[in-house]
$ cat protein-v2.pdb   # PDB, C-alpha atoms
ATOM      1  CA  MET A   1      15.493   4.818   8.239
ATOM      2  CA  THR A   2      13.063   1.987   7.576
ATOM      3  CA  THR A   3       9.438   2.935   6.934
ATOM      4  CA  VAL A   4       6.734   0.813   8.555
ATOM      5  CA  GLU A   5       3.364   0.985   6.812
ATOM      6  CA  ILE A   6       0.357  -0.476   8.611
ATOM      7  CA  CYS A   7      -2.806  -1.420   6.734
ATOM      8  CA  VAL A   8      -5.898  -0.217   8.614
ATOM      9  CA  SER A   9      -9.611  -0.376   7.938
ATOM     10  CA  ASP A  10     -11.093   2.613   9.760
ATOM     11  CA  VAL A  11     -10.253   5.756  11.719
ATOM     12  CA  PRO A  12     -10.055   4.114  15.188
ATOM     13  CA  THR A  13      -7.527   1.535  13.967
ATOM     14  CA  ALA A  14      -5.628   4.296  12.167
ATOM     15  CA  LEU A  15      -5.320   6.218  15.417
ATOM     16  CA  VAL A  16      -4.083   3.102  17.223
ATOM     17  CA  ALA A  17      -1.417   2.517  14.561
ATOM     18  CA  GLU A  18      -0.285   6.150  14.641
ATOM     19  CA  ALA A  19      -0.048   6.145  18.445
ATOM     20  CA  ALA A  20       1.994   2.935  18.264
ATOM     21  CA  GLY A  21       4.604   4.597  16.062
ATOM     22  CA  ALA A  22       3.683   3.588  12.502
ATOM     23  CA  ASP A  23       5.348   5.758   9.872
ATOM     24  CA  ARG A  24       2.594   5.458   7.274
ATOM     25  CA  LEU A  25      -0.880   3.959   6.965
ATOM     26  CA  GLU A  26      -2.684   2.322   4.089
ATOM     27  CA  LEU A  27      -6.346   3.145   4.604
ATOM     28  CA  CYS A  28      -8.763   0.603   3.148
ATOM     29  CA  ALA A  29     -12.238  -0.806   3.528
ATOM     30  CA  ASP A  30     -13.174  -4.499   3.418
ATOM     31  CA  LEU A  31      -9.846  -6.096   4.267
ATOM     32  CA  GLY A  32     -11.517  -9.482   3.823
ATOM     33  CA  GLN A  33     -11.537  -8.743   0.088
ATOM     34  CA  GLY A  34      -7.952  -7.571   0.128
ATOM     35  CA  GLY A  35      -8.893  -3.931   0.628
ATOM     36  CA  THR A  36     -11.236  -1.627  -1.265
ATOM     37  CA  THR A  37     -11.792   2.135  -1.377
ATOM     38  CA  PRO A  38     -12.774   3.526   2.026
ATOM     39  CA  SER A  39     -15.648   5.957   2.287
ATOM     40  CA  LEU A  40     -14.929   9.601   1.616
ATOM     41  CA  GLY A  41     -16.050  10.346   5.168
ATOM     42  CA  THR A  42     -13.504   7.898   6.538
ATOM     43  CA  VAL A  43     -10.705   9.558   4.605
ATOM     44  CA  GLU A  44     -11.823  13.054   5.572
ATOM     45  CA  VAL A  45     -12.029  12.249   9.294
ATOM     46  CA  ALA A  46      -8.711  10.402   9.155
ATOM     47  CA  LEU A  47      -6.966  13.437   7.651
ATOM     48  CA  ARG A  48      -8.584  15.680  10.233
ATOM     49  CA  THR A  49      -7.795  13.410  13.200
ATOM     50  CA  LEU A  50      -4.346  11.997  12.484
ATOM     51  CA  ARG A  51      -1.396  14.211  13.291
ATOM     52  CA  ARG A  52       1.849  12.954  11.788
ATOM     53  CA  VAL A  53       1.684   9.686   9.806
ATOM     54  CA  GLY A  54       1.666   9.469   6.048
ATOM     55  CA  VAL A  55      -1.587   8.139   4.579
ATOM     56  CA  ARG A  56      -2.013   6.112   1.395
ATOM     57  CA  VAL A  57      -5.640   5.606   0.402
ATOM     58  CA  MET A  58      -6.655   2.442  -1.426
ATOM     59  CA  VAL A  59      -8.549   3.158  -4.646
ATOM     60  CA  ARG A  60     -10.154  -0.133  -5.671
ATOM     61  CA  PRO A  61     -13.897  -0.230  -6.381
ATOM     62  CA  ARG A  62     -14.457  -3.905  -5.557
ATOM     63  CA  GLY A  63     -12.850  -7.120  -4.405
ATOM     64  CA  GLY A  64     -12.105 -10.025  -6.688
ATOM     65  CA  ASP A  65      -9.744  -9.828  -9.636
ATOM     66  CA  PHE A  66      -7.814  -6.759 -10.691
ATOM     67  CA  ARG A  67      -9.410  -6.220 -14.088
ATOM     68  CA  VAL A  68     -10.864  -2.735 -14.363
ATOM     69  CA  SER A  69     -13.885  -2.090 -16.577
ATOM     70  CA  GLU A  70     -14.534   1.272 -18.184
ATOM     71  CA  VAL A  71     -17.172   2.092 -15.570
ATOM     72  CA  GLU A  72     -14.903   0.979 -12.728
ATOM     73  CA  GLU A  73     -12.134   3.179 -14.069
ATOM     74  CA  GLN A  74     -14.504   6.144 -14.007
ATOM     75  CA  VAL A  75     -15.288   5.346 -10.363
ATOM     76  CA  MET A  76     -11.571   5.190  -9.539
ATOM     77  CA  LEU A  77     -10.892   8.492 -11.283
ATOM     78  CA  ALA A  78     -13.758  10.115  -9.396
ATOM     79  CA  ASP A  79     -12.463   8.722  -6.096
ATOM     80  CA  ILE A  80      -8.976  10.074  -6.794
ATOM     81  CA  ALA A  81     -10.410  13.508  -7.602
ATOM     82  CA  ALA A  82     -12.444  13.452  -4.389
ATOM     83  CA  ILE A  83      -9.427  12.445  -2.291
ATOM     84  CA  ARG A  84      -7.331  15.217  -3.824
ATOM     85  CA  ALA A  85     -10.020  17.756  -2.955
ATOM     86  CA  LEU A  86     -10.225  16.852   0.750
ATOM     87  CA  PRO A  87      -8.812  19.258   3.339
ATOM     88  CA  ASN A  88      -5.528  18.165   4.861
ATOM     89  CA  PRO A  89      -5.256  20.439   7.899
ATOM     90  CA  HIS A  90      -2.144  18.818   9.359
ATOM     91  CA  GLY A  91      -0.231  18.601   6.103
ATOM     92  CA  LEU A  92       0.010  14.822   6.144
ATOM     93  CA  ALA A  93       1.810  13.097   3.281
ATOM     94  CA  VAL A  94      -1.171  11.730   1.321
ATOM     95  CA  GLY A  95      -1.077   9.346  -1.635
ATOM     96  CA  VAL A  96      -3.183   6.698  -3.349
ATOM     97  CA  VAL A  97      -2.828   2.968  -3.972
ATOM     98  CA  VAL A  98      -4.008   1.513  -7.289
ATOM     99  CA  GLY A  99      -3.579  -1.445  -9.601
ATOM    100  CA  ALA A 100      -5.042  -2.839 -12.814
ATOM    101  CA  LEU A 101      -4.448  -5.968 -14.875
ATOM    102  CA  ALA A 102      -5.235  -6.591 -18.533
ATOM    103  CA  ASP A 103      -7.001  -9.683 -19.834
ATOM    104  CA  ASP A 104      -3.645 -11.227 -20.772
ATOM    105  CA  GLY A 105      -2.516 -11.053 -17.135
ATOM    106  CA  GLY A 106      -0.094  -8.198 -17.646
ATOM    107  CA  LEU A 107      -0.455  -4.698 -16.299
ATOM    108  CA  ASP A 108      -3.253  -2.645 -17.830
ATOM    109  CA  LEU A 109      -0.914   0.203 -18.698
ATOM    110  CA  PRO A 110      -3.479   2.549 -20.311
ATOM    111  CA  VAL A 111      -5.667   2.410 -17.191
ATOM    112  CA  LEU A 112      -2.702   2.778 -14.855
ATOM    113  CA  ARG A 113      -1.404   5.741 -16.860
ATOM    114  CA  ARG A 114      -4.723   7.561 -16.533
ATOM    115  CA  LEU A 115      -4.892   6.815 -12.799
ATOM    116  CA  VAL A 116      -1.367   8.080 -12.180
ATOM    117  CA  GLU A 117      -2.052  11.208 -14.225
ATOM    118  CA  ALA A 118      -5.291  11.817 -12.304
ATOM    119  CA  ALA A 119      -3.430  11.589  -9.002
ATOM    120  CA  GLY A 120      -1.328  14.537 -10.134
ATOM    121  CA  PRO A 121       1.076  15.516  -7.399
ATOM    122  CA  LEU A 122      -0.091  12.731  -5.059
ATOM    123  CA  PRO A 123       2.361   9.810  -4.918
ATOM    124  CA  VAL A 124       1.006   6.514  -6.258
ATOM    125  CA  THR A 125       1.705   3.003  -4.989
ATOM    126  CA  VAL A 126       0.915   0.064  -7.278
ATOM    127  CA  HIS A 127      -0.513  -2.679  -5.062
ATOM    128  CA  LYS A 128      -0.071  -6.438  -5.101
ATOM    129  CA  ALA A 129      -1.818  -6.877  -8.430
ATOM    130  CA  PHE A 130       1.839  -6.552  -9.437
ATOM    131  CA  ASP A 131       2.460 -10.012  -7.969
ATOM    132  CA  GLU A 132       0.145 -11.613 -10.533
ATOM    133  CA  VAL A 133       2.303 -10.434 -13.442
ATOM    134  CA  ASP A 134       4.688 -13.024 -14.928
ATOM    135  CA  ASP A 135       7.498 -10.690 -16.000
ATOM    136  CA  GLN A 136       7.909  -8.506 -12.941
ATOM    137  CA  VAL A 137      11.106  -6.860 -14.134
ATOM    138  CA  ALA A 138       9.424  -5.611 -17.314
ATOM    139  CA  ALA A 139       6.381  -4.578 -15.281
ATOM    140  CA  LEU A 140       8.620  -2.669 -12.884
ATOM    141  CA  GLU A 141      10.159  -0.696 -15.741
ATOM    142  CA  ALA A 142       6.691   0.096 -17.096
ATOM    143  CA  ILE A 143       5.527   1.344 -13.694
ATOM    144  CA  ILE A 144       8.597   3.554 -13.415
ATOM    145  CA  ASP A 145       7.858   4.987 -16.854
ATOM    146  CA  LEU A 146       4.306   5.785 -15.742
ATOM    147  CA  GLY A 147       5.613   7.908 -12.894
ATOM    148  CA  ALA A 148       4.361   5.821  -9.980
ATOM    149  CA  ASP A 149       6.141   6.272  -6.674
ATOM    150  CA  ALA A 150       6.219   2.739  -5.204
ATOM    151  CA  VAL A 151       5.307  -0.913  -5.681
ATOM    152  CA  LEU A 152       4.046  -3.231  -2.952
ATOM    153  CA  THR A 153       5.222  -6.794  -3.496
ATOM    154  CA  SER A 154       5.912 -10.145  -1.883
ATOM    155  CA  GLY A 155       8.038 -11.079  -4.879
ATOM    156  CA  ALA A 156       5.139 -13.090  -6.334
ATOM    157  CA  ALA A 157       5.444 -15.500  -3.387
ATOM    158  CA  PRO A 158       3.028 -16.232  -0.528
ATOM    159  CA  THR A 159       5.170 -14.199   1.892
ATOM    160  CA  ALA A 160       7.900 -11.595   1.693
ATOM    161  CA  LEU A 161      10.404 -14.054   3.155
ATOM    162  CA  ALA A 162       9.574 -16.664   0.528
ATOM    163  CA  GLY A 163       9.941 -14.017  -2.172
ATOM    164  CA  ALA A 164      12.982 -12.320  -0.652
ATOM    165  CA  ASP A 165      15.318 -13.052  -3.553
ATOM    166  CA  ARG A 166      12.865 -11.617  -6.080
ATOM    167  CA  ILE A 167      12.221  -8.552  -3.930
ATOM    168  CA  ALA A 168      15.969  -7.990  -3.674
ATOM    169  CA  THR A 169      16.287  -8.252  -7.459
ATOM    170  CA  LEU A 170      13.472  -5.745  -7.983
ATOM    171  CA  ARG A 171      14.947  -3.372  -5.428
ATOM    172  CA  ARG A 172      18.332  -3.438  -7.151
ATOM    173  CA  ARG A 173      16.689  -2.915 -10.534
ATOM    174  CA  ALA A 174      14.607   0.007  -9.302
ATOM    175  CA  GLY A 175      17.513   1.751  -7.589
ATOM    176  CA  ASP A 176      16.488   5.283  -6.712
ATOM    177  CA  ARG A 177      13.802   5.408  -9.405
ATOM    178  CA  LEU A 178      11.046   3.671  -7.433
ATOM    179  CA  ARG A 179      10.501   2.525  -3.869
ATOM    180  CA  ILE A 180       9.950  -1.199  -3.268
ATOM    181  CA  ILE A 181       7.671  -1.964  -0.312
ATOM    182  CA  ALA A 182       7.986  -5.529   0.982
ATOM    183  CA  GLY A 183       4.719  -7.050   2.182
ATOM    184  CA  GLY A 184       3.312 -10.462   3.012
ATOM    185  CA  GLY A 185       3.445 -12.303   6.325
ATOM    186  CA  ILE A 186       5.611  -9.706   8.047
ATOM    187  CA  ARG A 187       5.470  -9.600  11.846
ATOM    188  CA  SER A 188       7.686  -8.435  14.672
ATOM    189  CA  HIS A 189       9.502 -11.773  14.915
ATOM    190  CA  ASN A 190      10.655 -11.750  11.273
ATOM    191  CA  VAL A 191      10.772  -8.120  10.124
ATOM    192  CA  ARG A 192      14.533  -7.834  10.641
ATOM    193  CA  GLN A 193      15.088 -10.973   8.591
ATOM    194  CA  VAL A 194      12.859  -9.601   5.818
ATOM    195  CA  LEU A 195      14.808  -6.341   5.760
ATOM    196  CA  ALA A 196      18.139  -8.145   5.743
ATOM    197  CA  GLU A 197      17.237 -10.611   2.984
ATOM    198  CA  THR A 198      15.395  -8.203   0.687
ATOM    199  CA  GLY A 199      17.366  -5.016   1.227
ATOM    200  CA  ALA A 200      14.016  -3.224   1.338
ATOM    201  CA  ARG A 201      13.734  -0.066   3.367
ATOM    202  CA  GLU A 202       9.940  -0.177   3.607
ATOM    203  CA  VAL A 203       7.619  -2.873   4.936
ATOM    204  CA  HIS A 204       3.847  -3.237   4.836
ATOM    205  CA  LEU A 205       1.682  -5.330   7.138
ATOM    206  CA  ARG A 206      -1.537  -5.691   9.032
ATOM    207  CA  ALA A 207      -1.335  -6.138  12.782
ATOM    208  CA  PRO A 208      -4.718  -7.762  13.364
ATOM    209  CA  VAL A 209      -6.331  -8.637  16.666
ATOM    210  CA  ARG A 210      -9.933  -9.612  17.400
ATOM    211  CA  ARG A 211     -11.826  -7.229  19.645
ATOM    212  CA  ASP A 212     -15.590  -7.127  20.202
ATOM    213  CA  GLY A 213     -16.127  -9.644  17.434
ATOM    214  CA  ARG A 214     -14.262  -7.771  14.738
ATOM    215  CA  GLU A 215     -10.736  -7.116  13.540
ATOM    216  CA  ALA A 216      -8.832  -4.258  15.131
ATOM    217  CA  THR A 217      -5.190  -3.188  15.081
ATOM    218  CA  ASP A 218      -2.845  -4.570  17.726
ATOM    219  CA  GLY A 219      -0.969  -1.508  18.936
ATOM    220  CA  ASP A 220       1.509  -3.611  20.892
ATOM    221  CA  GLU A 221       2.471  -5.579  17.774
ATOM    222  CA  VAL A 222       2.842  -2.358  15.787
ATOM    223  CA  ARG A 223       5.216  -1.055  18.472
ATOM    224  CA  ARG A 224       7.243  -4.268  18.339
ATOM    225  CA  VAL A 225       7.507  -4.112  14.547
ATOM    226  CA  VAL A 226       8.489  -0.452  14.595
ATOM    227  CA  THR A 227      11.113  -1.039  17.289
ATOM    228  CA  ALA A 228      12.599  -3.984  15.394
ATOM    229  CA  ALA A 229      12.487  -2.257  11.992
ATOM    230  CA  HIS A 230      14.000   0.948  13.318
ATOM    231  CA  GLY A 231      16.840  -0.971  14.919
ATOM    232  CA  GLY A 232      15.713  -0.714  18.523
TER     233      GLY A 232
END
$ encode --input "protein-v2.pdb" --output "structure tokens"
Amino acid sequence: MTTVEICVSDVPTALVAEAAGADRLELCADLGQGGTTPSLGTVEVALRTLRRVGVRVMVRPRGGDFRVSEVEEQVMLADIAAIRALPNPHGLAVGVVVGALADDGGLDLPVLRRLVEAAGPLPVTVHKAFDEVDDQVAALEAIIDLGADAVLTSGAAPTALAGADRIATLRRRAGDRLRIIAGGGIRSHNVRQVLAETGAREVHLRAPVRRDGREATDGDEVRRVVTAAHGG
């Protein structure tokens, strides 16, 4: 079964995505900056209000580049500890989403190792900072060694379709050791093509619509993506 992950920015949009059939949510703040850590209150209310979807919480203290200073790492570690401590009354599958790059443009493996260790039993997705790394195959092996659960990637291309060959290569390399989540420009009209060309079994997207002057989640588009991805 294909997993459809919808990126959402608050509890109301999370509820829309769940009602529309999403399998998992990535909960972020400030999507204009590519997603940052949501407030602890947002995460707590989401876990209390949602009923069935998996939830991955973005842990990223700011927008901009993916370098992580010592102080920023301490913030990320504190956020992970706080997320782990939250009540999860409906037993949702909760995880975190992280990433860190070194000054040479490669993965910051010491930081990532400490973040993965801090997450403990929570599964960890490495976000699209991965797409800024030159040697993605070597980076993939390093992430597997760290014990992360998944990588979100467009294959270092502007969209998942443009990077389909690379995503397929990474998926074959990872095998059963790590889940590859295809993301980037995925919509209901092309999700089947993305799945066919990449071999991925998980896709990640936003389903944005403007309502009341701000971005919300288009429940109808989520339903169309889920139907297409699940073979309906």
$ closest_residue --input "protein-v2.pdb" --among "A:Val68, A:Leu40, A:Leu205, A:Val59" --to "A:Ile6" --atoms "only C-alpha atoms"
A:Leu205
$ resolve_selection --input "protein-v2.pdb" --expression "the PyMOL selection byres ((chain A and resi 143) around 12)" --output "short mmCIF file (atom, residue, chain, number, x, y, z; two decimals) with C-alpha atoms, in the coordinates of the input"
data_model
loop_
_atom_site.label_atom_id
_atom_site.label_comp_id
_atom_site.auth_asym_id
_atom_site.auth_seq_id
_atom_site.Cartn_x
_atom_site.Cartn_y
_atom_site.Cartn_z
CA VAL A 98 -4.01 1.51 -7.29
CA GLY A 99 -3.58 -1.44 -9.60
CA ALA A 100 -5.04 -2.84 -12.81
CA GLY A 106 -0.09 -8.20 -17.65
CA LEU A 107 -0.46 -4.70 -16.30
CA ASP A 108 -3.25 -2.64 -17.83
CA LEU A 109 -0.91 0.20 -18.70
CA PRO A 110 -3.48 2.55 -20.31
CA VAL A 111 -5.67 2.41 -17.19
CA LEU A 112 -2.70 2.78 -14.86
CA ARG A 113 -1.40 5.74 -16.86
CA LEU A 115 -4.89 6.82 -12.80
CA VAL A 116 -1.37 8.08 -12.18
CA VAL A 124 1.01 6.51 -6.26
CA THR A 125 1.70 3.00 -4.99
CA VAL A 126 0.92 0.06 -7.28
CA HIS A 127 -0.51 -2.68 -5.06
CA PHE A 130 1.84 -6.55 -9.44
CA GLN A 136 7.91 -8.51 -12.94
CA VAL A 137 11.11 -6.86 -14.13
CA ALA A 138 9.42 -5.61 -17.31
CA ALA A 139 6.38 -4.58 -15.28
CA LEU A 140 8.62 -2.67 -12.88
CA GLU A 141 10.16 -0.70 -15.74
CA ALA A 142 6.69 0.10 -17.10
CA ILE A 144 8.60 3.55 -13.42
CA ASP A 145 7.86 4.99 -16.85
CA LEU A 146 4.31 5.78 -15.74
CA GLY A 147 5.61 7.91 -12.89
CA ALA A 148 4.36 5.82 -9.98
CA ASP A 149 6.14 6.27 -6.67
CA ALA A 150 6.22 2.74 -5.20
CA VAL A 151 5.31 -0.91 -5.68
CA LEU A 152 4.05 -3.23 -2.95
CA ALA A 174 14.61 0.01 -9.30
CA ARG A 177 13.80 5.41 -9.40
CA LEU A 178 11.05 3.67 -7.43
CA ARG A 179 10.50 2.52 -3.87
CA ILE A 180 9.95 -1.20 -3.27
#
$ closest_residue --input "protein-v2.pdb" --among "A:Pro123, A:Arg114, A:Arg84, A:Arg67" --to "A:Ala102" --atoms "only C-alpha atoms"
A:Arg67
$ residues_around --input "protein-v2.pdb" --residues "stretch 219-232 of chain A" --least-positions-apart "3" --cutoff "12 Å" --atoms "all atoms listed in the file" --output "NGL selection string"
:A and (1-8 or 12-25 or 186-196 or 200-209 or 216)
$ resolve_selection --input "protein-v2.pdb" --expression "the PyMOL selection byres ((chain A and resi 58) around 8)" --output "VMD selection string"
chain A and resid 26 to 28 35 to 38 56 to 57 59 to 60 96 to 98
$ residues_around --input "protein-v2.pdb" --residues "A:Gly184" --least-positions-apart "5" --cutoff "6 Å" --atoms "all atoms listed in the file" --output "VMD selection string"
chain A and resid 154 159 to 160
$ atom_distance --input "protein-v2.pdb" --atom1 "atom CA of A:Ala93" --atom2 "atom CA of A:Arg51"
10.6 Å
$ residues_around --input "protein-v2.pdb" --residues "A:Val94" --least-positions-apart "6" --cutoff "7 Å" --atoms "all atoms listed in the file" --output "PyMOL selection string"
chain A and resi 54-56+122
$ atom_distance --input "protein-v2.pdb" --atom1 "atom CA of A:Ile83" --atom2 "atom CA of A:Pro121"
12.1 Å
$ closest_residue --input "protein-v2.pdb" --among "A:Pro158, A:Pro61, A:Gly183, A:Gly105" --to "A:Asp135" --atoms "all atoms listed in the file"
A:Gly105
$ closest_residue --input "protein-v2.pdb" --among "A:Thr169, A:Asp30, A:Leu86, A:Asp79" --to "A:Gly64" --atoms "all atoms listed in the file"
A:Asp30
$ atom_distance --input "protein-v2.pdb" --atom1 "atom CA of A:Gly120" --atom2 "atom CA of A:Ala78"
13.2 Å
$ residues_around --input "protein-v2.pdb" --residues "A:Ala156" --least-positions-apart "4" --cutoff "10 Å" --atoms "only C-alpha atoms" --output "PDB file with C-alpha atoms, in the frame of the given file"
ATOM      1  CA  LYS A 128      -0.071  -6.438  -5.101  1.00  0.00           C
ATOM      2  CA  ALA A 129      -1.818  -6.877  -8.430  1.00  0.00           C
ATOM      3  CA  PHE A 130       1.839  -6.552  -9.437  1.00  0.00           C
ATOM      4  CA  ASP A 131       2.460 -10.012  -7.969  1.00  0.00           C
ATOM      5  CA  GLU A 132       0.145 -11.613 -10.533  1.00  0.00           C
ATOM      6  CA  VAL A 133       2.303 -10.434 -13.442  1.00  0.00           C
ATOM      7  CA  ASP A 134       4.688 -13.024 -14.928  1.00  0.00           C
ATOM      8  CA  GLN A 136       7.909  -8.506 -12.941  1.00  0.00           C
ATOM      9  CA  ALA A 160       7.900 -11.595   1.693  1.00  0.00           C
ATOM     10  CA  ALA A 162       9.574 -16.664   0.528  1.00  0.00           C
ATOM     11  CA  GLY A 163       9.941 -14.017  -2.172  1.00  0.00           C
ATOM     12  CA  ALA A 164      12.982 -12.320  -0.652  1.00  0.00           C
ATOM     13  CA  ARG A 166      12.865 -11.617  -6.080  1.00  0.00           C
ATOM     14  CA  ILE A 167      12.221  -8.552  -3.930  1.00  0.00           C
ATOM     15  CA  GLY A 184       3.312 -10.462   3.012  1.00  0.00           C
TER      16      GLY A 184
END
$ decode --input "protein-v2.pdb" --residues "stretch 182-191 of chain A" --atoms "all heavy atoms" --output "PDB file, in the first residue's frame"
ATOM      1  N   ALA A 182       9.223  10.061  -1.801  1.00  0.00           N
ATOM      2  CA  ALA A 182       9.357  10.944  -2.959  1.00  0.00           C
ATOM      3  C   ALA A 182       8.547  12.217  -2.716  1.00  0.00           C
ATOM      4  O   ALA A 182       7.376  12.163  -2.332  1.00  0.00           O
ATOM      5  CB  ALA A 182       8.871  10.254  -4.216  1.00  0.00           C
ATOM      6  N   GLY A 183       9.172  13.362  -2.929  1.00  0.00           N
ATOM      7  CA  GLY A 183       8.479  14.634  -2.754  1.00  0.00           C
ATOM      8  C   GLY A 183       8.964  15.656  -3.761  1.00  0.00           C
ATOM      9  O   GLY A 183      10.101  15.591  -4.241  1.00  0.00           O
ATOM     10  N   GLY A 184       8.096  16.612  -4.078  1.00  0.00           N
ATOM     11  CA  GLY A 184       8.467  17.678  -5.000  1.00  0.00           C
ATOM     12  C   GLY A 184       7.537  17.732  -6.191  1.00  0.00           C
ATOM     13  O   GLY A 184       7.652  16.905  -7.100  1.00  0.00           O
ATOM     14  N   GLY A 185       6.584  18.661  -6.167  1.00  0.00           N
ATOM     15  CA  GLY A 185       5.705  18.867  -7.310  1.00  0.00           C
ATOM     16  C   GLY A 185       4.685  17.770  -7.535  1.00  0.00           C
ATOM     17  O   GLY A 185       4.137  17.651  -8.642  1.00  0.00           O
ATOM     18  N   ILE A 186       4.407  16.973  -6.529  1.00  0.00           N
ATOM     19  CA  ILE A 186       3.459  15.870  -6.694  1.00  0.00           C
ATOM     20  C   ILE A 186       2.037  16.376  -6.499  1.00  0.00           C
ATOM     21  O   ILE A 186       1.734  17.085  -5.540  1.00  0.00           O
ATOM     22  CB  ILE A 186       3.767  14.730  -5.705  1.00  0.00           C
ATOM     23  CG1 ILE A 186       5.150  14.139  -6.006  1.00  0.00           C
ATOM     24  CG2 ILE A 186       2.687  13.648  -5.768  1.00  0.00           C
ATOM     25  CD1 ILE A 186       5.606  13.101  -5.000  1.00  0.00           C
ATOM     26  N   ARG A 187       1.162  15.990  -7.416  1.00  0.00           N
ATOM     27  CA  ARG A 187      -0.254  16.340  -7.368  1.00  0.00           C
ATOM     28  C   ARG A 187      -1.064  15.139  -7.870  1.00  0.00           C
ATOM     29  O   ARG A 187      -0.513  14.146  -8.329  1.00  0.00           O
ATOM     30  CB  ARG A 187      -0.548  17.578  -8.235  1.00  0.00           C
ATOM     31  CG  ARG A 187       0.103  18.868  -7.740  1.00  0.00           C
ATOM     32  CD  ARG A 187      -0.500  19.338  -6.432  1.00  0.00           C
ATOM     33  NE  ARG A 187       0.063  20.613  -5.982  1.00  0.00           N
ATOM     34  CZ  ARG A 187       1.126  20.733  -5.190  1.00  0.00           C
ATOM     35  NH1 ARG A 187       1.761  19.643  -4.782  1.00  0.00           N
ATOM     36  NH2 ARG A 187       1.561  21.911  -4.813  1.00  0.00           N
ATOM     37  N   SER A 188      -2.366  15.278  -7.824  1.00  0.00           N
ATOM     38  CA  SER A 188      -3.220  14.156  -8.197  1.00  0.00           C
ATOM     39  C   SER A 188      -3.035  13.748  -9.652  1.00  0.00           C
ATOM     40  O   SER A 188      -3.187  12.570  -9.995  1.00  0.00           O
ATOM     41  CB  SER A 188      -4.690  14.500  -7.923  1.00  0.00           C
ATOM     42  OG  SER A 188      -5.074  15.685  -8.613  1.00  0.00           O
ATOM     43  N   HIS A 189      -2.701  14.692 -10.532  1.00  0.00           N
ATOM     44  CA  HIS A 189      -2.598  14.360 -11.949  1.00  0.00           C
ATOM     45  C   HIS A 189      -1.308  13.617 -12.296  1.00  0.00           C
ATOM     46  O   HIS A 189      -1.198  13.040 -13.390  1.00  0.00           O
ATOM     47  CB  HIS A 189      -2.697  15.631 -12.807  1.00  0.00           C
ATOM     48  CG  HIS A 189      -1.516  16.540 -12.681  1.00  0.00           C
ATOM     49  ND1 HIS A 189      -1.420  17.504 -11.695  1.00  0.00           N
ATOM     50  CD2 HIS A 189      -0.371  16.630 -13.399  1.00  0.00           C
ATOM     51  CE1 HIS A 189      -0.275  18.154 -11.822  1.00  0.00           C
ATOM     52  NE2 HIS A 189       0.371  17.636 -12.846  1.00  0.00           N
ATOM     53  N   ASN A 190      -0.303  13.635 -11.381  1.00  0.00           N
ATOM     54  CA  ASN A 190       0.957  12.980 -11.735  1.00  0.00           C
ATOM     55  C   ASN A 190       1.444  11.971 -10.702  1.00  0.00           C
ATOM     56  O   ASN A 190       2.514  11.381 -10.880  1.00  0.00           O
ATOM     57  CB  ASN A 190       2.057  14.021 -11.987  1.00  0.00           C
ATOM     58  CG  ASN A 190       2.401  14.855 -10.754  1.00  0.00           C
ATOM     59  OD1 ASN A 190       2.062  14.502  -9.624  1.00  0.00           O
ATOM     60  ND2 ASN A 190       3.092  15.964 -10.979  1.00  0.00           N
ATOM     61  N   VAL A 191       0.682  11.748  -9.627  1.00  0.00           N
ATOM     62  CA  VAL A 191       1.192  10.886  -8.561  1.00  0.00           C
ATOM     63  C   VAL A 191       1.395   9.451  -9.052  1.00  0.00           C
ATOM     64  O   VAL A 191       2.382   8.797  -8.680  1.00  0.00           O
ATOM     65  CB  VAL A 191       0.271  10.934  -7.317  1.00  0.00           C
ATOM     66  CG1 VAL A 191      -1.124  10.402  -7.608  1.00  0.00           C
ATOM     67  CG2 VAL A 191       0.900  10.187  -6.147  1.00  0.00           C
TER      68      VAL A 191
END
